[in-house]
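Novice: Got a structure for you, written out below as structure tokens; questions coming shortly.
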Amino acid sequence: KDPSVLRAVAALYRDSGNYDQAIATLQRVVRQHPDALADLGYTYGLAGKKDEAAATYSEAANRFPKQAGLQLSAAQALVTVGKFDQANSFLDRAASSDANNYRLHAIRGQMFSLEDRNEDAIREYQAAIQNLPQAVPEGPLYPVSLHLSLSEIYRRTDQTPQSNSELQAARTALNNVPGTD
């Protein structure tokens, strides 16, 4: 019944791809320890249960409104299911603590891109790339992904030189990832 042990067990299930068991274990933990909601939201996301991930991350973000990372995770999950208005409220909360956060700009860029607000998306992706730290928790391919997303928007808006420049930046970022060919 120790929540730390149950979270570790859930992580083991999650790492082995047994998402249903991980979810069931985390649901037991969350009842008494709502700080495990983020783990549950993450696990729902890995299991492909996007609506449940969005609802769980939203609950976590509302319970812990000062945690910018949770606000961004909730916003990302909501953008994934097309709930842009709700995502905006979490993005605004996150912006109040760090208006230059790269994830904040990347999520806004993704949302604007999905809404065909191409100029806004370009501006946000550029800000995300500009504010990237040396290493990001999302992994070494995250910067590559940002450059590719920006390249695609440039391509859609017939800005070929800028698109090619972002493709080259993606190649360069990919070449800097150890062990890639």
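Naming works like this for the structure tokens: A, B, ... for the chains as they're shown, residue 1 at the start of each chain, ligands 1 onward in shown order.
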Show which residues sit within 10 Å of Val177 of chain A, as a PyMOL selection string. Count only C-alpha atoms, and ignore same-chain residues fewer than 5 positions away.
Specialist: chain A and resi 139-141+144+172
Novice: For the residues in that selection, give me N, CA and C atoms as a compact mmCIF listing (two decimals), in the first residue's frame.
Specialist:
# COMPACT_ATOMS: atom_id res chain seq x y z
N GLY A 139 14.26 14.86 -24.98
CA GLY A 139 15.23 14.04 -25.70
C GLY A 139 15.89 14.79 -26.84
N PRO A 140 16.95 14.20 -27.40
CA PRO A 140 17.75 14.90 -28.40
C PRO A 140 17.04 15.08 -29.74
N LEU A 141 15.96 14.35 -29.99
CA LEU A 141 15.26 14.51 -31.25
C LEU A 141 14.22 15.64 -31.22
N VAL A 144 15.06 18.56 -33.43
CA VAL A 144 14.87 18.14 -34.82
C VAL A 144 13.40 18.27 -35.20
N THR A 172 21.37 19.21 -39.26
CA THR A 172 22.49 19.55 -38.38
C THR A 172 22.20 19.08 -36.96
Novice: Please extract the residues of chain A with a backbone DSSP assignment of alpha helix (DSSP H) and present them as JSON, numbers by chain.
Specialist: {"A": [3, 4, 5, 6, 7, 8, 9, 10, 11, 12, 13, 14, 15, 19, 20, 21, 22, 23, 24, 25, 26, 27, 28, 29, 30, 31, 32, 37, 38, 39, 40, 41, 42, 43, 44, 45, 46, 50, 51, 52, 53, 54, 55, 56, 57, 58, 59, 60, 61, 62, 63, 68, 69, 70, 71, 72, 73, 74, 75, 76, 77, 78, 79, 80, 84, 85, 86, 87, 88, 89, 90, 91, 92, 93, 94, 95, 96, 97, 102, 103, 104, 105, 106, 107, 108, 109, 110, 111, 112, 113, 114, 118, 119, 120, 121, 122, 123, 124, 125, 126, 127, 128, 129, 130, 142, 143, 144, 145, 146, 147, 148, 149, 150, 151, 152, 153, 154, 155, 156, 160, 161, 162, 163, 164, 165, 166, 167, 168, 169, 170, 171, 172, 173, 174, 175]}
Novice: Env of Ala38 of chain A: 12 Å cut, atoms = only C-alpha atoms, seq-sep filter 2 positions within chain, self excluded. Answer as a ChimeraX atom specification.
Specialist: /A:7,23,26-27,29-30,33-36,40-45,52-64,67,69-74,77
Novice: Mind dumping the selected residues with N, CA and C atoms as a JSON list (two decimals), in the first residue's frame?
Specialist:
[["chain", "number", "residue", "atom", "x", "y", "z"],
["A", 7, "ARG", "N", 3.93, 3.27, -7.22],
["A", 7, "ARG", "CA", 4.35, 4.06, -8.38],
["A", 7, "ARG", "C", 5.51, 3.38, -9.11],
["A", 23, "ILE", "N", -1.97, 1.54, -15.43],
["A", 23, "ILE", "CA", -3.08, 2.45, -15.17],
["A", 23, "ILE", "C", -3.86, 2.02, -13.93],
["A", 26, "LEU", "N", -1.82, 2.84, -10.85],
["A", 26, "LEU", "CA", -1.78, 4.29, -10.58],
["A", 26, "LEU", "C", -3.13, 4.82, -10.11],
["A", 27, "GLN", "N", -4.21, 4.25, -10.60],
["A", 27, "GLN", "CA", -5.53, 4.68, -10.14],
["A", 27, "GLN", "C", -5.69, 4.43, -8.65],
["A", 29, "VAL", "N", -3.22, 4.52, -6.50],
["A", 29, "VAL", "CA", -2.36, 5.49, -5.83],
["A", 29, "VAL", "C", -3.01, 6.87, -5.79],
["A", 30, "VAL", "N", -3.60, 7.27, -6.90],
["A", 30, "VAL", "CA", -4.15, 8.62, -7.06],
["A", 30, "VAL", "C", -5.25, 8.91, -6.05],
["A", 33, "HIS", "N", -3.13, 9.93, -3.13],
["A", 33, "HIS", "CA", -1.98, 10.78, -3.44],
["A", 33, "HIS", "C", -2.16, 11.41, -4.82],
["A", 34, "PRO", "N", -2.87, 12.54, -4.87],
["A", 34, "PRO", "CA", -3.14, 13.16, -6.17],
["A", 34, "PRO", "C", -1.90, 13.63, -6.91],
["A", 35, "ASP", "N", -0.75, 13.69, -6.23],
["A", 35, "ASP", "CA", 0.47, 14.08, -6.93],
["A", 35, "ASP", "C", 0.88, 13.05, -7.97],
["A", 36, "ALA", "N", 0.25, 11.88, -7.96],
["A", 36, "ALA", "CA", 0.54, 10.84, -8.95],
["A", 36, "ALA", "C", -0.31, 11.01, -10.22],
["A", 40, "LEU", "N", -0.23, 9.19, -14.06],
["A", 40, "LEU", "CA", -1.39, 8.54, -14.67],
["A", 40, "LEU", "C", -1.69, 9.16, -16.04],
["A", 41, "GLY", "N", -1.65, 10.48, -16.14],
["A", 41, "GLY", "CA", -1.87, 11.14, -17.43],
["A", 41, "GLY", "C", -0.85, 10.71, -18.46],
["A", 42, "TYR", "N", 0.41, 10.64, -18.05],
["A", 42, "TYR", "CA", 1.48, 10.20, -18.95],
["A", 42, "TYR", "C", 1.23, 8.78, -19.43],
["A", 43, "THR", "N", 0.81, 7.92, -18.52],
["A", 43, "THR", "CA", 0.56, 6.52, -18.87],
["A", 43, "THR", "C", -0.63, 6.39, -19.81],
["A", 44, "TYR", "N", -1.68, 7.16, -19.55],
["A", 44, "TYR", "CA", -2.82, 7.17, -20.48],
["A", 44, "TYR", "C", -2.34, 7.57, -21.88],
["A", 45, "GLY", "N", -1.50, 8.58, -21.94],
["A", 45, "GLY", "CA", -0.99, 9.03, -23.23],
["A", 45, "GLY", "C", -0.22, 7.94, -23.95],
["A", 52, "GLU", "N", -8.52, 10.46, -21.99],
["A", 52, "GLU", "CA", -8.24, 10.22, -20.58],
["A", 52, "GLU", "C", -6.98, 10.96, -20.14],
["A", 53, "ALA", "N", -5.98, 10.98, -21.03],
["A", 53, "ALA", "CA", -4.74, 11.71, -20.71],
["A", 53, "ALA", "C", -5.03, 13.19, -20.54],
["A", 54, "ALA", "N", -5.83, 13.76, -21.44],
["A", 54, "ALA", "CA", -6.16, 15.18, -21.35],
["A", 54, "ALA", "C", -6.93, 15.48, -20.06],
["A", 55, "ALA", "N", -7.90, 14.65, -19.73],
["A", 55, "ALA", "CA", -8.70, 14.87, -18.51],
["A", 55, "ALA", "C", -7.83, 14.73, -17.27],
["A", 56, "THR", "N", -6.96, 13.76, -17.24],
["A", 56, "THR", "CA", -6.12, 13.52, -16.06],
["A", 56, "THR", "C", -5.08, 14.62, -15.89],
["A", 57, "TYR", "N", -4.42, 15.00, -16.98],
["A", 57, "TYR", "CA", -3.46, 16.10, -16.89],
["A", 57, "TYR", "C", -4.16, 17.39, -16.47],
["A", 58, "SER", "N", -5.37, 17.62, -16.98],
["A", 58, "SER", "CA", -6.12, 18.82, -16.60],
["A", 58, "SER", "C", -6.42, 18.83, -15.11],
["A", 59, "GLU", "N", -6.84, 17.68, -14.60],
["A", 59, "GLU", "CA", -7.10, 17.58, -13.16],
["A", 59, "GLU", "C", -5.83, 17.86, -12.36],
["A", 60, "ALA", "N", -4.72, 17.29, -12.79],
["A", 60, "ALA", "CA", -3.44, 17.50, -12.10],
["A", 60, "ALA", "C", -3.05, 18.98, -12.14],
["A", 61, "ALA", "N", -3.19, 19.60, -13.30],
["A", 61, "ALA", "CA", -2.83, 21.01, -13.45],
["A", 61, "ALA", "C", -3.72, 21.91, -12.59],
["A", 62, "ASN", "N", -4.98, 21.56, -12.48],
["A", 62, "ASN", "CA", -5.88, 22.36, -11.65],
["A", 62, "ASN", "C", -5.60, 22.17, -10.17],
["A", 63, "ARG", "N", -5.17, 20.99, -9.78],
["A", 63, "ARG", "CA", -4.83, 20.76, -8.37],
["A", 63, "ARG", "C", -3.52, 21.43, -7.98],
["A", 64, "PHE", "N", -2.63, 21.57, -8.94],
["A", 64, "PHE", "CA", -1.31, 22.15, -8.68],
["A", 64, "PHE", "C", -1.05, 23.29, -9.67],
["A", 67, "GLN", "N", 2.55, 24.71, -10.72],
["A", 67, "GLN", "CA", 3.55, 23.87, -11.38],
["A", 67, "GLN", "C", 3.45, 24.04, -12.89],
["A", 69, "GLY", "N", 5.21, 22.95, -15.36],
["A", 69, "GLY", "CA", 5.33, 21.73, -16.17],
["A", 69, "GLY", "C", 4.00, 21.01, -16.33],
["A", 70, "LEU", "N", 3.23, 20.96, -15.25],
["A", 70, "LEU", "CA", 1.89, 20.34, -15.33],
["A", 70, "LEU", "C", 0.96, 21.14, -16.22],
["A", 71, "GLN", "N", 1.07, 22.46, -16.17],
["A", 71, "GLN", "CA", 0.23, 23.31, -17.02],
["A", 71, "GLN", "C", 0.54, 23.02, -18.49],
["A", 72, "LEU", "N", 1.82, 22.89, -18.79],
["A", 72, "LEU", "CA", 2.22, 22.62, -20.17],
["A", 72, "LEU", "C", 1.81, 21.21, -20.61],
["A", 73, "SER", "N", 1.92, 20.24, -19.71],
["A", 73, "SER", "CA", 1.51, 18.88, -20.06],
["A", 73, "SER", "C", 0.01, 18.82, -20.31],
["A", 74, "ALA", "N", -0.77, 19.52, -19.48],
["A", 74, "ALA", "CA", -2.22, 19.56, -19.68],
["A", 74, "ALA", "C", -2.54, 20.23, -21.01],
["A", 77, "ALA", "N", -1.74, 17.88, -23.92],
["A", 77, "ALA", "CA", -2.73, 16.81, -24.03],
["A", 77, "ALA", "C", -4.04, 17.33, -24.61]]
Novice: Tell me which protein, DNA and RNA residues are within 12 Å of segment 116-119 of chain A, counting only C-alpha atoms, leaving out same-chain ones fewer than 2 positions away, and put them as a list in words.
Specialist: Arg108, Gly109, Gln110, Met111, Phe112, Ser113, Leu114, Ala121, Ile122, Arg123, Glu124, Tyr125, Gln126, Ser149, Leu150, Ser151, Glu152, Ile153, Tyr154, Arg155, Arg156, Thr157, Asp158 and Gln159 of chain A
Novice: Could you give me, as a list in words, the residues within 7 Å of Ala75 of chain A, counting only C-alpha atoms and dropping anything in the same chain fewer than 4 positions from it?
Specialist: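 Final neighbour list, sorted by chain and number: Gln71, Val79, Ala87, Asn88, Phe90 and Leu91 of chain A.
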Novice: Any chance you could export the current selection's all heavy atoms as a short mmCIF file (atom, residue, chain, number, x, y, z; two decimals), in the first residue's frame?
Specialist:
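Done, and the output landed in part_6.cif:
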data_model
loop_
_atom_site.label_atom_id
_atom_site.label_comp_id
_atom_site.auth_asym_id
_atom_site.auth_seq_id
_atom_site.Cartn_x
_atom_site.Cartn_y
_atom_site.Cartn_z
N GLN A 71 1.07 22.46 -16.17
CA GLN A 71 0.23 23.31 -17.02
C GLN A 71 0.54 23.02 -18.49
O GLN A 71 -0.37 22.89 -19.31
CB GLN A 71 0.45 24.79 -16.70
CG GLN A 71 0.30 25.19 -15.25
CD GLN A 71 -0.97 24.68 -14.60
OE1 GLN A 71 -2.07 24.90 -15.09
NE2 GLN A 71 -0.82 24.00 -13.47
N VAL A 79 -4.39 20.00 -26.64
CA VAL A 79 -4.17 20.30 -28.05
C VAL A 79 -4.27 19.02 -28.86
O VAL A 79 -4.85 19.00 -29.94
CB VAL A 79 -2.81 21.01 -28.27
CG1 VAL A 79 -2.42 21.04 -29.74
CG2 VAL A 79 -2.85 22.42 -27.70
N ALA A 87 -6.89 24.42 -23.64
CA ALA A 87 -5.42 24.41 -23.65
C ALA A 87 -4.89 25.82 -23.40
O ALA A 87 -3.90 25.99 -22.67
CB ALA A 87 -4.90 23.87 -24.98
N ASN A 88 -5.54 26.82 -23.97
CA ASN A 88 -5.09 28.20 -23.80
C ASN A 88 -5.07 28.63 -22.34
O ASN A 88 -4.17 29.37 -21.92
CB ASN A 88 -5.97 29.16 -24.61
CG ASN A 88 -5.41 29.39 -25.98
OD1 ASN A 88 -4.20 29.49 -26.16
ND2 ASN A 88 -6.29 29.48 -26.95
N PHE A 90 -4.42 26.81 -19.74
CA PHE A 90 -3.23 26.23 -19.11
C PHE A 90 -1.95 26.89 -19.65
O PHE A 90 -0.99 27.10 -18.91
CB PHE A 90 -3.19 24.72 -19.31
CG PHE A 90 -4.27 24.00 -18.56
CD1 PHE A 90 -5.30 23.38 -19.24
CD2 PHE A 90 -4.27 23.96 -17.17
CE1 PHE A 90 -6.31 22.72 -18.54
CE2 PHE A 90 -5.28 23.32 -16.46
CZ PHE A 90 -6.30 22.70 -17.16
N LEU A 91 -1.95 27.25 -20.93
CA LEU A 91 -0.80 27.95 -21.49
C LEU A 91 -0.63 29.33 -20.84
O LEU A 91 0.49 29.75 -20.56
CB LEU A 91 -0.94 28.09 -23.01
CG LEU A 91 -0.80 26.79 -23.80
CD1 LEU A 91 -1.17 27.02 -25.27
CD2 LEU A 91 0.59 26.21 -23.67
#
Novice: Which of these, A:Asp20, A:Glu115, A:Glu138, A:Asp85, has the shortest distance to Tyr102 of chain A once you count only C-alpha atoms?
Specialist: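 Counting only C-alpha atoms, the residue closest to Tyr102 of chain A is A:Glu138.
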Novice: Compare A:Arg103, A:Ala8, A:Lys49, A:Ser97 by their minimum atom-to-atom distance to Thr80 of chain A, counting only C-alpha atoms, and give me the closest one.
Specialist: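 Selected residue with least distance to Thr80 of chain A: A:Lys49.
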